[in-house]
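Here's the structure, in C-alpha cells; my notes come after.
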Amino acid sequence: PFSSAPPAAPERVVQVEARRFTYSPSEIHARAGEALVLELASVDVDHGFAIPALGVRARISPGTPTRVRVVAQRPGTYPFHCDVFCGSGHESMAGALIVD
C-alpha cells in the first residue's frame with residue numbers, strides 16, 4: 001500500500017500579461033522537466049499564446065485568466081507568439097521559454 005515513488009514536484013505558477021504588442025515577461029525560464037502553469041491574462045484585447053514546438057496553444061481574453069500547463073523535457077529555447085491577430089504590431093508579439 002505504500003509507494004516508494006518520490007512526491008511530485010509542485011507546479012510553479014508564472015503570471016504572464018499580454019498587451020498590444022508584448023508579453024510580460026517575454027522570457028520565461030525553467031528547468032528541464034519542471035511543470036509550469038502559465039497564468040495568461042490580457043489587459044486590452046483578445047490575444048493568443050502558442051508554443052508550437054511543445055504543442056501549446058491558448059486564447060486569452062480580457063477579464064478571464066487562462067491557465068496552461070507546460071512541461072519541457074529537454075533544454076532549449078522554445079519561442080512563443082501571439083496567434084490571434086491583435087492589430088498592427090501583432091507580428092512582433094513574441095517571446096521565449098528558456099529551459100536549462
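Residues in the C-alpha cells are named by chain (A, B, ... in the order shown) and by number from 1 within that chain; ligands are numbered from 1 in the order shown.
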Distance query Thr77 in chain A at most 9 Å, only C-alpha atoms, self and fewer than 3 positions along chain excluded, as a list of chain:residue names: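 Within the cut-off, the hits are A:Ala96, A:Leu97, A:Ile98, A:Val99, A:Asp100.
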Selection to disk with N, CA, C and O atoms, as a PDB file, in the first residue's frame:
```pdb
ATOM      1  N   ALA A  96      10.059  33.893 -25.444  1.00  0.00           N
ATOM      2  CA  ALA A  96      10.680  32.571 -25.440  1.00  0.00           C
ATOM      3  C   ALA A  96      10.627  31.927 -24.052  1.00  0.00           C
ATOM      4  O   ALA A  96      10.771  32.605 -23.035  1.00  0.00           O
ATOM      5  N   LEU A  97      10.414  30.610 -24.061  1.00  0.00           N
ATOM      6  CA  LEU A  97      10.567  29.780 -22.879  1.00  0.00           C
ATOM      7  C   LEU A  97      11.980  29.219 -22.969  1.00  0.00           C
ATOM      8  O   LEU A  97      12.326  28.552 -23.960  1.00  0.00           O
ATOM      9  N   ILE A  98      12.803  29.520 -21.980  1.00  0.00           N
ATOM     10  CA  ILE A  98      14.194  29.094 -21.989  1.00  0.00           C
ATOM     11  C   ILE A  98      14.362  28.014 -20.920  1.00  0.00           C
ATOM     12  O   ILE A  98      14.122  28.258 -19.728  1.00  0.00           O
ATOM     13  N   VAL A  99      14.728  26.825 -21.370  1.00  0.00           N
ATOM     14  CA  VAL A  99      14.794  25.661 -20.491  1.00  0.00           C
ATOM     15  C   VAL A  99      16.256  25.236 -20.322  1.00  0.00           C
ATOM     16  O   VAL A  99      16.950  24.997 -21.310  1.00  0.00           O
ATOM     17  N   ASP A 100      16.700  25.160 -19.068  1.00  0.00           N
ATOM     18  CA  ASP A 100      18.077  24.763 -18.761  1.00  0.00           C
ATOM     19  C   ASP A 100      18.140  23.284 -18.390  1.00  0.00           C
ATOM     20  O   ASP A 100      17.241  22.751 -17.808  1.00  0.00           O
TER      21      ASP A 100
END
```
Members of chain A assigned helix (DSSP H, G or I) by DSSP, as a VMD selection string: chain A and resid 52 to 54 90 to 92
Prev. selection, N, CA and C atoms, output as an mmCIF file, in the first residue's frame:
```
data_model
loop_
_atom_site.group_PDB
_atom_site.id
_atom_site.type_symbol
_atom_site.label_atom_id
_atom_site.label_comp_id
_atom_site.auth_asym_id
_atom_site.auth_seq_id
_atom_site.Cartn_x
_atom_site.Cartn_y
_atom_site.Cartn_z
ATOM 1 N N PRO A 52 4.598 26.441 -30.522
ATOM 2 C CA PRO A 52 4.418 25.355 -31.487
ATOM 3 C C PRO A 52 5.256 24.108 -31.199
ATOM 4 N N ALA A 53 6.510 24.295 -30.757
ATOM 5 C CA ALA A 53 7.400 23.153 -30.532
ATOM 6 C C ALA A 53 6.909 22.240 -29.402
ATOM 7 N N LEU A 54 6.056 22.773 -28.525
ATOM 8 C CA LEU A 54 5.538 21.981 -27.406
ATOM 9 C C LEU A 54 4.049 21.670 -27.564
ATOM 10 N N HIS A 90 1.142 43.168 -34.343
ATOM 11 C CA HIS A 90 0.876 41.797 -33.891
ATOM 12 C C HIS A 90 2.043 40.866 -34.183
ATOM 13 N N GLU A 91 2.639 40.999 -35.389
ATOM 14 C CA GLU A 91 3.682 40.061 -35.795
ATOM 15 C C GLU A 91 4.927 40.131 -34.917
ATOM 16 N N SER A 92 5.091 41.209 -34.159
ATOM 17 C CA SER A 92 6.269 41.316 -33.287
ATOM 18 C C SER A 92 5.964 40.846 -31.850
#
```
Taking only C-alpha atoms into account, name the residue in A:Pro62, A:Phe85, A:Ala35, A:Val45 that is nearest to Pro10 in chain A.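 Of A:Pro62, A:Phe85, A:Ala35, A:Val45, the one nearest Pro10 in chain A is A:Ala35, counting only C-alpha atoms.
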Could you check the closest approach to Gly95 in chain A for each of A:Tyr78, A:Asp83, A:Gln15, A:Val43 and tell me which residue wins, using only C-alpha atoms?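 Between A:Tyr78, A:Asp83, A:Gln15, A:Val43, the residue approaching Gly95 in chain A most closely is A:Tyr78.
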Which residues are near Ala32 in chain A? Cut-off 8 Å, only C-alpha atoms, ignore same chain within fewer than 3 positions. Put them as a ChimeraX atom specification. /A:71-75,99-100
Could you save those same residues with C-alpha atoms as a compact mmCIF listing (two decimals), in the first residue's frame?
```txt
# COMPACT_ATOMS: atom_id res chain seq x y z
CA VAL A 71 6.49 20.83 -19.28
CA ALA A 72 9.58 20.98 -21.50
CA GLN A 73 11.57 17.78 -21.10
CA ARG A 74 14.68 18.96 -22.98
CA PRO A 75 16.85 22.04 -22.54
CA VAL A 99 14.79 25.66 -20.49
CA ASP A 100 18.08 24.76 -18.76
```
What's the 10 Å shell around Ile60 in chain A, counting only C-alpha atoms, without same-chain residues fewer than 6 positions away, as JSON, numbers by chain? {"A": [17, 18, 39, 40, 41, 42, 43, 45, 46, 47, 48, 49, 66, 67, 82, 84]}
Would you write out those residues with N, CA, C and O atoms, as a compact mmCIF listing (two decimals), in the first residue's frame?
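And here's again21.txt as it stands now:
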```
# COMPACT_ATOMS: atom_id res chain seq x y z
N GLU A 17 1.42 38.57 -18.62
CA GLU A 17 0.47 39.59 -19.06
C GLU A 17 0.63 39.83 -20.56
O GLU A 17 1.74 40.02 -21.04
N ALA A 18 -0.48 39.79 -21.28
CA ALA A 18 -0.48 40.07 -22.71
C ALA A 18 -1.12 41.43 -22.94
O ALA A 18 -2.18 41.72 -22.40
N GLU A 39 -0.20 31.41 -16.17
CA GLU A 39 -1.47 32.09 -15.95
C GLU A 39 -1.46 33.32 -16.85
O GLU A 39 -0.78 34.30 -16.57
N LEU A 40 -2.17 33.21 -17.97
CA LEU A 40 -2.15 34.22 -19.02
C LEU A 40 -3.31 35.19 -18.84
O LEU A 40 -4.45 34.77 -18.65
N ALA A 41 -3.02 36.48 -18.89
CA ALA A 41 -4.06 37.49 -18.74
C ALA A 41 -3.86 38.60 -19.77
O ALA A 41 -2.74 39.06 -19.98
N SER A 42 -4.94 39.00 -20.42
CA SER A 42 -4.90 40.12 -21.36
C SER A 42 -5.44 41.36 -20.67
O SER A 42 -6.44 41.31 -19.97
N VAL A 43 -4.77 42.49 -20.93
CA VAL A 43 -5.24 43.75 -20.35
C VAL A 43 -5.97 44.61 -21.37
O VAL A 43 -6.45 45.69 -21.02
N VAL A 45 -7.14 43.42 -25.46
CA VAL A 45 -7.98 42.75 -26.46
C VAL A 45 -7.69 41.25 -26.43
O VAL A 45 -6.83 40.79 -25.68
N ASP A 46 -8.40 40.48 -27.26
CA ASP A 46 -8.11 39.06 -27.37
C ASP A 46 -6.71 38.86 -27.95
O ASP A 46 -6.31 39.55 -28.90
N HIS A 47 -5.98 37.94 -27.35
CA HIS A 47 -4.65 37.56 -27.83
C HIS A 47 -4.60 36.04 -27.88
O HIS A 47 -5.46 35.35 -27.32
N GLY A 48 -3.56 35.54 -28.50
CA GLY A 48 -3.29 34.11 -28.47
C GLY A 48 -1.95 33.88 -27.79
O GLY A 48 -1.19 34.81 -27.56
N PHE A 49 -1.69 32.62 -27.48
CA PHE A 49 -0.40 32.24 -26.91
C PHE A 49 -0.09 30.87 -27.46
O PHE A 49 -0.85 29.92 -27.22
N THR A 66 -6.38 32.70 -18.32
CA THR A 66 -6.31 31.38 -18.94
C THR A 66 -5.09 30.68 -18.39
O THR A 66 -4.00 31.25 -18.36
N ARG A 67 -5.29 29.44 -17.91
CA ARG A 67 -4.17 28.68 -17.34
C ARG A 67 -3.76 27.57 -18.31
O ARG A 67 -4.60 26.85 -18.81
N CYS A 82 1.97 35.39 -30.31
CA CYS A 82 0.52 35.61 -30.36
C CYS A 82 0.02 35.07 -31.70
O CYS A 82 0.55 35.42 -32.74
N VAL A 84 -3.38 35.16 -32.48
CA VAL A 84 -4.69 35.77 -32.74
C VAL A 84 -4.40 37.22 -33.13
O VAL A 84 -3.79 37.96 -32.35
```
Given only C-alpha atoms as the counted atoms, nearest of A:Val56, A:Arg19, A:Pro65, A:Arg12 to Cys86 in chain A: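 Checking each of A:Val56, A:Arg19, A:Pro65, A:Arg12 against Cys86 in chain A, counting only C-alpha atoms, the winner is A:Arg19.
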Point out the residue among A:Glu11, A:Gly87, A:Arg31, A:Ser26 with the least atom-to-atom distance to Asp44 in chain A, counting only C-alpha atoms.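 Checking each candidate against Asp44 in chain A, we get A:Gly87 as the closest.
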Interatomic distance between CA of Arg57 in chain A and CA of Gly33 in chain A?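 Distance reported for this atom pair: 19.1 Å.
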May I ask for the distance between CA of Val68 in chain A and CA of Val37 in chain A, given in Å to one decimal place?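 Between these atoms lies a distance of 5.5 Å.
The smallest atom-to-atom distance between Ile28 in chain A and any of A:Val16, A:Gly89, A:Gly55, A:Ala50, using only C-alpha atoms, is found for A:Val16.
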Return the single residue from A:Met93, A:Gly76, A:Arg69, A:His81 that is closest to Leu36 in chain A, with distances computed using only C-alpha atoms.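 Nearest to Leu36 in chain A: A:Arg69.
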